[in-house]
Structures are given as C-alpha cells and as structure tokens.
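Heads up, start_38.csv below (CSV, C-alpha atoms):
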chain,number,residue,atom,x,y,z
A,107,MET,CA,-58.4,108.7,42.0
A,108,GLU,CA,-59.5,109.9,45.4
A,109,GLY,CA,-61.6,112.7,43.8
A,110,LYS,CA,-63.4,110.2,41.6
A,111,ASP,CA,-64.0,107.8,44.5
A,112,LYS,CA,-65.5,110.6,46.6
A,113,ILE,CA,-67.8,111.5,43.7
A,114,LEU,CA,-68.9,107.9,43.3
A,115,THR,CA,-69.6,107.6,47.1
A,116,GLY,CA,-71.6,110.9,47.1
A,117,ALA,CA,-73.5,110.1,43.9
A,118,GLU,CA,-74.5,106.6,45.2
A,119,ALA,CA,-75.9,108.2,48.4
A,120,LEU,CA,-78.0,110.6,46.3
A,121,PHE,CA,-79.1,107.8,43.9
A,122,MET,CA,-80.1,105.6,46.8
A,123,LYS,CA,-82.1,108.3,48.4
A,124,TYR,CA,-83.9,109.9,45.4
A,125,GLY,CA,-83.6,107.3,42.7
A,126,PHE,CA,-81.5,107.2,39.5
A,127,LYS,CA,-83.9,108.9,37.1
A,128,SER,CA,-84.8,112.0,39.0
A,129,ILE,CA,-81.2,113.1,40.0
A,130,THR,CA,-79.4,115.1,37.3
A,131,MET,CA,-75.7,115.8,36.8
A,132,ASP,CA,-76.5,119.4,37.9
A,133,ASP,CA,-78.0,118.1,41.1
A,134,ILE,CA,-75.0,115.9,41.8
A,135,ALA,CA,-72.5,118.7,41.2
A,136,ARG,CA,-74.5,121.1,43.4
A,137,GLU,CA,-75.0,118.6,46.2
A,138,LEU,CA,-71.4,117.5,46.2
A,139,GLY,CA,-70.1,121.1,46.0
A,140,ILE,CA,-68.2,120.6,42.8
A,141,SER,CA,-68.4,122.1,39.3
A,142,LYS,CA,-70.0,120.3,36.4
A,143,LYS,CA,-66.6,120.6,34.7
A,144,THR,CA,-65.0,118.5,37.5
A,145,LEU,CA,-67.8,116.0,37.3
A,146,TYR,CA,-67.3,115.6,33.5
A,147,GLN,CA,-63.6,115.1,34.0
A,148,PHE,CA,-64.3,111.7,35.4
A,149,PHE,CA,-67.6,110.7,33.7
A,150,GLU,CA,-68.8,111.1,30.1
A,151,ASP,CA,-72.4,111.5,31.0
A,152,LYS,CA,-75.0,110.3,33.5
A,153,ASN,CA,-75.2,106.8,32.1
A,154,ASP,CA,-71.4,106.5,32.6
A,155,LEU,CA,-71.8,107.8,36.2
A,156,VAL,CA,-74.6,105.3,36.9
A,157,ASN,CA,-72.6,102.4,35.4
A,158,GLN,CA,-69.5,103.3,37.5
A,159,THR,CA,-71.6,103.8,40.6
A,160,ILE,CA,-73.0,100.3,40.3
A,161,GLU,CA,-69.5,98.8,39.6
A,162,SER,CA,-68.3,100.6,42.7
A,163,HIS,CA,-71.2,99.2,44.7
A,164,ILE,CA,-70.6,95.7,43.5
A,165,ASN,CA,-66.8,95.9,44.3
A,166,CYS,CA,-67.8,97.1,47.8
A,167,ASP,CA,-70.0,94.0,48.3
A,168,ILE,CA,-67.2,91.8,47.0
A,169,GLU,CA,-64.8,93.3,49.5
A,170,ASN,CA,-67.3,93.0,52.3
A,171,CYS,CA,-67.6,89.3,51.4
A,172,ARG,CA,-63.8,88.9,51.5
A,173,LEU,CA,-63.6,90.5,54.9
A,174,VAL,CA,-66.3,88.3,56.3
A,175,LYS,CA,-64.6,85.3,54.9
A,176,ASN,CA,-61.4,86.2,56.7
A,177,GLY,CA,-63.2,85.9,60.0
A,178,GLU,CA,-63.7,82.8,62.0
A,179,HIS,CA,-67.1,81.8,60.8
A,180,ASP,CA,-68.6,78.4,59.8
A,181,PRO,CA,-70.8,78.3,56.7
A,182,ILE,CA,-74.0,79.1,58.6
A,183,GLU,CA,-72.5,82.0,60.5
A,184,PHE,CA,-71.0,83.3,57.3
A,185,LEU,CA,-74.5,83.7,55.7
A,186,PHE,CA,-75.8,85.7,58.6
A,187,GLU,CA,-72.6,87.8,58.8
A,188,ILE,CA,-72.6,88.6,55.1
A,189,SER,CA,-76.2,89.5,55.2
A,190,LYS,CA,-75.6,92.0,58.1
A,191,SER,CA,-72.5,93.4,56.3
A,192,ILE,CA,-74.1,93.9,52.9
A,193,THR,CA,-77.7,94.7,53.6
A,194,GLU,CA,-77.7,96.7,56.8
A,195,ASN,CA,-76.6,99.8,54.9
A,196,HIS,CA,-79.5,99.4,52.5
A,197,ARG,CA,-82.3,99.6,55.0
A,198,LYS,CA,-83.3,103.1,54.0
A,199,VAL,CA,-82.9,102.7,50.2
A,200,ASN,CA,-85.7,104.3,48.3
A,201,VAL,CA,-87.5,101.4,46.5
A,202,SER,CA,-87.8,103.5,43.3
A,203,VAL,CA,-84.0,103.0,43.0
A,204,LEU,CA,-84.4,99.4,41.7
A,205,PHE,CA,-87.4,100.4,39.5
A,206,ASP,CA,-85.3,103.1,37.9
A,207,LEU,CA,-82.2,101.0,37.4
A,208,ARG,CA,-84.1,98.2,35.7
A,209,LYS,CA,-86.2,100.5,33.5
A,210,TYR,CA,-83.9,103.3,32.5
A,211,PHE,CA,-80.3,102.0,32.9
A,212,LYS,CA,-80.1,98.6,31.3
A,213,ASN,CA,-76.3,98.4,31.2
A,214,ALA,CA,-76.0,99.1,34.9
A,215,TRP,CA,-78.9,96.7,35.7
A,216,ASP,CA,-77.2,94.0,33.6
A,217,LYS,CA,-74.0,94.5,35.7
A,218,LEU,CA,-76.0,93.8,38.8
A,219,GLU,CA,-77.6,90.8,37.3
A,220,LYS,CA,-74.2,89.4,36.2
A,221,PHE,CA,-72.9,89.9,39.8
A,222,LYS,CA,-75.9,88.0,41.1
A,223,SER,CA,-75.7,85.1,38.6
A,224,ASP,CA,-71.9,84.7,38.8
A,225,PHE,CA,-70.3,85.9,42.0
A,226,ILE,CA,-73.2,85.1,44.4
A,227,PHE,CA,-73.8,81.8,42.7
A,228,ASN,CA,-70.1,80.8,43.1
A,229,GLN,CA,-70.0,81.9,46.7
A,230,MET,CA,-73.1,79.8,47.5
A,231,VAL,CA,-71.7,76.7,45.8
A,232,GLU,CA,-68.5,77.1,47.9
A,233,ASN,CA,-70.7,77.7,51.1
A,234,ILE,CA,-72.8,74.6,50.4
A,235,ASN,CA,-69.8,72.3,49.8
A,236,SER,CA,-68.1,73.6,52.9
A,237,GLY,CA,-71.2,73.0,54.9
A,238,LYS,CA,-71.4,69.4,53.6
A,239,GLU,CA,-67.8,68.8,54.7
A,240,LEU,CA,-68.5,70.1,58.2
A,241,GLY,CA,-71.7,68.0,58.5
A,242,LEU,CA,-73.9,71.1,58.7
A,243,TYR,CA,-75.6,70.6,55.4
A,244,ARG,CA,-77.0,67.4,54.0
A,245,GLN,CA,-74.7,65.3,51.8
A,246,ASN,CA,-77.3,64.5,49.1
A,247,LEU,CA,-77.7,68.1,48.1
A,248,ASN,CA,-77.1,69.2,44.5
A,249,SER,CA,-74.8,72.1,45.3
A,250,ASP,CA,-75.2,73.9,41.9
A,251,LEU,CA,-79.0,73.5,41.9
A,252,ILE,CA,-79.4,74.7,45.5
A,253,ALA,CA,-77.1,77.7,44.7
A,254,LYS,CA,-79.3,78.6,41.7
A,255,LEU,CA,-82.4,78.5,43.9
A,256,TYR,CA,-80.7,80.8,46.4
A,257,VAL,CA,-79.8,83.2,43.6
A,258,HIS,CA,-83.4,83.1,42.5
A,259,ASN,CA,-84.4,84.2,46.0
A,260,ILE,CA,-81.9,87.1,45.8
A,261,GLU,CA,-83.6,88.1,42.6
A,262,PHE,CA,-86.8,88.5,44.6
A,263,MET,CA,-85.0,91.1,46.7
A,264,LEU,CA,-84.4,93.1,43.5
A,265,ARG,CA,-88.1,93.2,42.7
A,266,PRO,CA,-89.6,95.5,45.4
A,267,GLU,CA,-93.0,95.5,43.6
A,268,LEU,CA,-93.3,91.9,44.8
A,269,TYR,CA,-93.0,92.7,48.5
A,270,GLN,CA,-93.2,96.5,49.2
A,271,GLU,CA,-96.7,96.2,50.6
A,272,ILE,CA,-95.2,94.0,53.4
A,273,THR,CA,-91.8,95.6,54.0
A,274,ASN,CA,-89.1,97.7,52.4
A,275,ASP,CA,-86.4,96.4,54.8
A,276,PHE,CA,-83.7,94.7,52.8
A,277,TYR,CA,-82.0,93.3,55.9
A,278,LEU,CA,-85.2,91.7,57.1
A,279,ILE,CA,-85.9,90.2,53.7
A,280,HIS,CA,-82.4,88.8,53.3
A,281,GLN,CA,-82.6,87.3,56.8
A,282,GLU,CA,-85.8,85.5,56.1
A,283,ILE,CA,-84.4,84.2,52.8
A,284,ILE,CA,-81.3,82.9,54.6
A,285,LYS,CA,-83.4,81.2,57.3
A,286,TYR,CA,-85.8,79.7,54.6
A,287,HIS,CA,-82.7,78.5,52.7
A,288,LEU,CA,-81.0,77.0,55.7
A,289,HIS,CA,-84.0,75.2,57.1
A,290,GLY,CA,-84.2,73.3,53.8
A,291,ILE,CA,-80.5,72.1,53.6
A,292,CYS,CA,-79.3,71.7,57.2
A,293,THR,CA,-78.6,68.5,59.0
A,294,GLU,CA,-79.7,68.0,62.6
A,295,LYS,CA,-76.3,69.4,63.6
A,296,GLY,CA,-76.8,72.4,61.3
A,297,LEU,CA,-80.3,73.1,62.6
A,298,LYS,CA,-79.0,73.2,66.2
A,299,LYS,CA,-76.5,75.8,65.1
A,300,LEU,CA,-79.1,77.7,63.1
A,301,ASN,CA,-81.6,77.7,66.0
A,302,LYS,CA,-79.0,79.0,68.3
A,303,ILE,CA,-78.2,81.9,66.0
A,304,ILE,CA,-81.9,82.8,65.7
A,305,GLU,CA,-82.3,82.6,69.4
A,306,ASN,CA,-79.4,84.9,70.0
A,307,GLN,CA,-80.8,87.3,67.4
A,308,HIS,CA,-84.1,87.5,69.4
A,309,ILE,CA,-82.3,88.1,72.6
A,310,ASN,CA,-80.2,90.9,71.0
A,311,ASN,CA,-83.2,92.5,69.4
A,312,LYS,CA,-85.0,92.6,72.8
A,313,ASN,CA,-82.0,94.3,74.4
A,314,ILE,CA,-81.8,97.1,71.7
Just give me the structure of the file as structure tokens.
Amino acid sequence: MEGKDKILTGAEALFMKYGFKSITMDDIARELGISKKTLYQFFEDKNDLVNQTIESHINCDIENCRLVKNGEHDPIEFLFEISKSITENHRKVNVSVLFDLRKYFKNAWDKLEKFKSDFIFNQMVENINSGKELGLYRQNLNSDLIAKLYVHNIEFMLRPELYQEITNDFYLIHQEIIKYHLHGICTEKGLKKLNKIIENQHINNKNI
C-alpha cells in the first residue's frame, strides 16, 4: 500500500497548510501529480480521505509515543520528549485546520476526540503511576482524575480560538501545559528534576 501511504502523507501536508474545507480532490490529485482515477482507487470521496488522513496521523502519534517509551526516560523526561516528538512538526499548522475538522468533518473529529479521551488518558495514568513509584510524583494523587485533567488541557490545544491571539505555536502551548501539569503533581525530588530540564531548555534556546 505504498501508493496509498504516499497519498495520505501528501494529502495531510496539504490539509495542514490550507485547511480541510478549501482543498478539493482535484487540488490533491494535481498537487501530488496523480490522476483523480488513481486517487479514487484508494478513497471513496473526500470524507473518506479526510477520515483516513486523521487515522494515519493518529497512528503516527501512537508510534512516536512507542518509540519515545523505548528510550531511557523517566516519567518527567518522557512528557517533554513526547511533546517534542509529536508537536514539533505541527508548529506551522494553519489554525483553520482544526476549525474545519470540527465543523465540517465530524467523523474525523470524533476519531481525534476518541484518541484524546482513550489513548492519551491511558498513557497519562501509566505515567502518573510510574512517577509515584519513582518518588517523582506525590503518592496521594488520584491518577485517573489527574489524567482526566491533563486530557482536558490537551482539549484546549484543539481549540485555537481560545489562544490564537497569544500564539499559534503548538509546541510552546504543549510545553506550558506540561510544566503547569508537573508543577502540580511533583514531589520535591520531581521538582528538582523538572527545574533542571527547564534550565537546560533555556540554555539550549540561547545557543540556537
């Protein structure tokens, strides 16, 4: 299915740049240098293409999470690494993308919502429990509730109308959400780790 994967990758790039509503199947075929006949061999219509693009995007995020997990990271480091891995590629996303998806492509939006409410929630519960075991997070935390609160903050990221007057930088937003989250749950040991990571970030940013 290499041809289909290439179309999904190319279509996602176009959607992320111009939005889901304005790009047509004709535009996609032309920009990717393929015939509409080839495009319709893999996708029934634009809705099908959008749905499969979102599914591909979600699968990519899940794979990124798996790869970061395989690294030598404690729970605090993991949150920063996954933020870098997942959101760095979204820095130049046109904010109209999320408006379009929510308003005109409900099935695709629902897939994104389910990913947020299921996968991200479960990852956070695991992260919180692991942090407790290592003494990085407070023992008296309600893991499920804290994970739900984190997911709620991620929902904020999917509502650009709430913050676009401040910034459209998904990476910056996610970093601030993580720091806000961790300051509320870390032990003294965890805060020392967190402050060291933030300090290193400032140093690295100055050297760029």
For range 107-120 of chain A, work out the shell of residues within 8 Å, counting all atoms listed in the file and skipping chain neighbours fewer than 3 positions away, then give it as a PyMOL selection string.
-> chain A and resi 123-125+129+134+138+145+148+155+158-159+162
Please provide the set of residues having any atom within 12 Å of range 249-255 of chain A, restricted to all atoms listed in the file, with same-chain residues fewer than 4 positions apart removed, written as a PyMOL selection string.
-> chain A and resi 222-238+243-245+259-262+283-284+286-288+290-291
What is the CA of Ile272 in chain A-CA of Leu204 in chain A distance in Å, reported with one decimal?
->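 Taking CA of Ile272 in chain A and CA of Leu204 in chain A, their separation equals 16.8 Å.
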Give me, please, the distance in Å between CA of Ile309 in chain A and CA of Leu297 in chain A, quoted to one decimal.
->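 About the pair CA of Ile309 in chain A and CA of Leu297 in chain A: they are 18.1 Å apart.
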Hey, can you pull every residue with an atom no more than 12 Å from (-83.1, 89.5, 50.0), using only C-alpha atoms, and send it as number ranges by chain?
-> A: 185-186, 188-190, 192-194, 196-197, 222, 256-266, 268-269, 273-287
